[in-house]
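Q: Below: one structure in structure tokens.
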There are 2 protein chains.
Amino acid sequence: MNKEDLTSAYRDYIACLNKQDWQKLSRFVHKDVQRNGRKLGLDGYRAMLEKDFEDVPDLSFKIDLLVSEPPTIASRLRFGCTPKGQLFGLPVNGRKISFAENVFYIFRDDKIELVWSVIDTVAIEAQLEHTEAEPEISGDAHV
Amino acid sequence: MNKEDLTSAYRDYIACLNKQDWQKLSRFVHKDVQRNGRKLGLDGYRAMLEKDFEDVPDLSFKIDLLVSEPPTIASRLRFGCTPKGQLFGLPVNGRKISFAENVFYIFRDDKIELVWSVIDTVAIEAQLEHTEAEPEISGDAHV
């Protein structure tokens with residue numbers, strides 16, 4: 001794929017996640033996909049995403065920065081959400097949090113095969129230190 | 001700058017860091033540089049880097065992945081080092097650790113003006129859980 005097609009495919013992938021349209025995931029994700037060196041495969045990758053939406057019912061992926069150079073995409077994703085219980089081992093428990101993920105995707109056969117992701121858990125920890133538990137009302141913590 | 005010049009400037013910037021050649025830093029870093037939303041300015045940015053090398057005497061920046069689309073660079077940096085004491089609030093205390101940083105740089109006037117960085121501190125925590133303190137001998141923990 002050229003740069004425009006790769007960018008377009010990536011934006012369609014993010015839209016697919018936000019719709020939780022798992023039937024279409026195989027259009028974007030390679031059957032041998034790996035994340036941070038772990039071989040997940042398409043089924044494992046889908047299971048990871050489904051678990052993410054289970055833990056974070058209002059999860060939504062927003063692209064803040066996008067850099068494309070085939071076969072690689074780099075994306076800074078931004079999340080504002082209210083995880084139910086723990087997230088990344090942190091006791092969020094219904095508080096509203098905001099955090100970023102800086103992630104690289106390497107495509108093969110027009111699909112995502114390698115993912116190298118780093119999530120800003122330090123920002124979440126900082127927000128939890130500065131907010132009280134508010135299970136019913138959204139907090140106003142921001143990164 | 002076009003893509004080739006931007007990539008070349010970024011590689012020269014990384015070489016400058018590895019040489020700790022602070023006199024040349026202003027060739028690459030804008031006087032109004034910000035990191036993760038914090039206005040550091042060139043002096044503050046240099047002070048941050050000098051502190052990094054003080055805390056981690058064998059610090060070395062290695063580019064694992066590089067994606068360039070002017071005016072933005074995305075880079076996955078890889079570090080293998082032995083911080084003396086604490087690093088990112090974690091008690092490393094002379095153990096050998098390996099970790100990544102996924103970082104975006106937005107250039108203005110041919111210099112780095114905005115930096116959006118996420119460091120994989122979770123990987124460091126995992127390594128500390130699986131190694132004993134070895135102040136004299138390098139451990140063999142890897143991500």
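The chains in the structure tokens are called A, B, ... from first to last as shown; in each chain the residues are counted from 1, and the ligands are counted from 1 in the order shown.
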Counting only C-alpha atoms, which residues from chain B have an atom at most 8 Å from any atom of chain A, and could you show them as a list in words?

A: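 Per the criterion, chain B yields Val67, Ser68, Glu69, Thr72, Ile73, Ala74, Glu101, Asn102, Val103, Ser117, Val118, Ile119, Asp120, Thr121 and Val122 of chain B.
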
Q: Next, write the just-selected residues to a file, as a PDB file, in the first residue's frame, keeping N, CA and C atoms as the atom set.

A:
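Result saved to selection_12.pdb:
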ATOM      1  N   VAL B  67       9.854   6.672  11.890  1.00  0.00           N
ATOM      2  CA  VAL B  67       8.864   7.008  10.868  1.00  0.00           C
ATOM      3  C   VAL B  67       8.874   8.516  10.719  1.00  0.00           C
ATOM      4  N   SER B  68       9.013   8.967   9.486  1.00  0.00           N
ATOM      5  CA  SER B  68       9.181  10.398   9.240  1.00  0.00           C
ATOM      6  C   SER B  68       8.124  10.896   8.279  1.00  0.00           C
ATOM      7  N   GLU B  69       7.440  11.938   8.685  1.00  0.00           N
ATOM      8  CA  GLU B  69       6.470  12.595   7.806  1.00  0.00           C
ATOM      9  C   GLU B  69       6.473  14.071   8.212  1.00  0.00           C
ATOM     10  N   THR B  72       6.817  15.928  11.307  1.00  0.00           N
ATOM     11  CA  THR B  72       6.786  15.039  12.477  1.00  0.00           C
ATOM     12  C   THR B  72       7.672  13.811  12.281  1.00  0.00           C
ATOM     13  N   ILE B  73       8.335  13.441  13.371  1.00  0.00           N
ATOM     14  CA  ILE B  73       9.104  12.187  13.446  1.00  0.00           C
ATOM     15  C   ILE B  73       8.497  11.353  14.572  1.00  0.00           C
ATOM     16  N   ALA B  74       8.325  10.057  14.312  1.00  0.00           N
ATOM     17  CA  ALA B  74       7.990   9.128  15.389  1.00  0.00           C
ATOM     18  C   ALA B  74       9.142   8.142  15.504  1.00  0.00           C
ATOM     19  N   GLU B 101      11.124   3.568  24.624  1.00  0.00           N
ATOM     20  CA  GLU B 101      10.403   4.846  24.669  1.00  0.00           C
ATOM     21  C   GLU B 101       9.810   5.072  23.282  1.00  0.00           C
ATOM     22  N   ASN B 102       8.496   5.258  23.217  1.00  0.00           N
ATOM     23  CA  ASN B 102       7.849   5.609  21.946  1.00  0.00           C
ATOM     24  C   ASN B 102       7.585   7.107  21.966  1.00  0.00           C
ATOM     25  N   VAL B 103       8.141   7.825  21.001  1.00  0.00           N
ATOM     26  CA  VAL B 103       8.137   9.282  21.132  1.00  0.00           C
ATOM     27  C   VAL B 103       7.901   9.971  19.783  1.00  0.00           C
ATOM     28  N   SER B 117       6.198  11.977  24.558  1.00  0.00           N
ATOM     29  CA  SER B 117       6.943  10.756  24.880  1.00  0.00           C
ATOM     30  C   SER B 117       6.184   9.872  25.857  1.00  0.00           C
ATOM     31  N   VAL B 118       6.241   8.559  25.632  1.00  0.00           N
ATOM     32  CA  VAL B 118       5.775   7.597  26.645  1.00  0.00           C
ATOM     33  C   VAL B 118       6.872   6.555  26.833  1.00  0.00           C
ATOM     34  N   ILE B 119       7.295   6.399  28.074  1.00  0.00           N
ATOM     35  CA  ILE B 119       8.366   5.454  28.423  1.00  0.00           C
ATOM     36  C   ILE B 119       7.752   4.203  29.035  1.00  0.00           C
ATOM     37  N   ASP B 120       8.271   3.064  28.665  1.00  0.00           N
ATOM     38  CA  ASP B 120       7.685   1.792  29.103  1.00  0.00           C
ATOM     39  C   ASP B 120       8.173   1.443  30.514  1.00  0.00           C
ATOM     40  N   THR B 121       7.659   2.160  31.496  1.00  0.00           N
ATOM     41  CA  THR B 121       8.052   1.907  32.891  1.00  0.00           C
ATOM     42  C   THR B 121       7.511   0.570  33.388  1.00  0.00           C
ATOM     43  N   VAL B 122       6.420   0.102  32.795  1.00  0.00           N
ATOM     44  CA  VAL B 122       5.849  -1.195  33.197  1.00  0.00           C
ATOM     45  C   VAL B 122       6.862  -2.312  32.940  1.00  0.00           C
TER      46      VAL B 122
END

Q: Enumerate, as a count of residues only, the complete set of residues in range 5-142 of chain B that a backbone-based DSSP assignment places in helix (DSSP H, G or I).

A: 44

Q: Counting only C-alpha atoms, what is within 10 Å of range 26-29 of chain A, bar same-chain residues fewer than 5 positions away, as a ChimeraX atom specification?

A: /A:9-10,12-14,16,34,41-43,45-46,107-114

Q: Using DSSP on the backbone coordinates, identify the residues of range 8-138 of chain A assigned to strand (DSSP E); present them as a PyMOL selection string.

A: chain A and resi 29-35+38-39+62-69+72-81+86-87+90-91+97-108+111-119

Q: Enter the distance from CA of Asn2 in chain B to CA of Lys3 in chain A, in Å, rounded to one decimal.

A: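 Here the two named atoms are 15.6 Å from each other.
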
Q: Please identify all polymer residues within 10 Å of Phe79 in chain B, counting only C-alpha atoms, omitting same-chain residues fewer than 5 positions from it, and present them as a PDB file with C-alpha atoms, in the first residue's frame.

A:
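Just written: out39.pdb:
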ATOM      1  CA  ASP B  58      25.937   4.396  30.628  1.00  0.00           C
ATOM      2  CA  LEU B  59      22.824   5.905  28.990  1.00  0.00           C
ATOM      3  CA  SER B  60      22.758   5.444  25.231  1.00  0.00           C
ATOM      4  CA  PHE B  61      19.968   6.185  22.743  1.00  0.00           C
ATOM      5  CA  LYS B  62      19.376   3.532  20.073  1.00  0.00           C
ATOM      6  CA  ILE B  63      16.760   3.996  17.369  1.00  0.00           C
ATOM      7  CA  ASP B  64      14.691   0.827  16.881  1.00  0.00           C
ATOM      8  CA  ILE B  97      17.554  -2.957  32.658  1.00  0.00           C
ATOM      9  CA  SER B  98      16.189  -2.720  29.140  1.00  0.00           C
ATOM     10  CA  PHE B  99      13.218  -0.615  28.093  1.00  0.00           C
ATOM     11  CA  ALA B 100      11.679   1.321  25.216  1.00  0.00           C
ATOM     12  CA  GLU B 101      10.403   4.846  24.669  1.00  0.00           C
TER      13      GLU B 101
END

Q: Closest to His130 in chain B among B:Lys96, B:Lys51, B:Thr82, B:Val115, using only C-alpha atoms?

A: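 Closest to His130 in chain B, using only C-alpha atoms: B:Lys96.
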
Q: Using only C-alpha atoms, can you tell me which of B:Cys81, B:Gln20, B:Val92, B:Pro57 comes closest to Glu125 in chain B?

A: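 So, comparing all the options, the nearest one is B:Val92.
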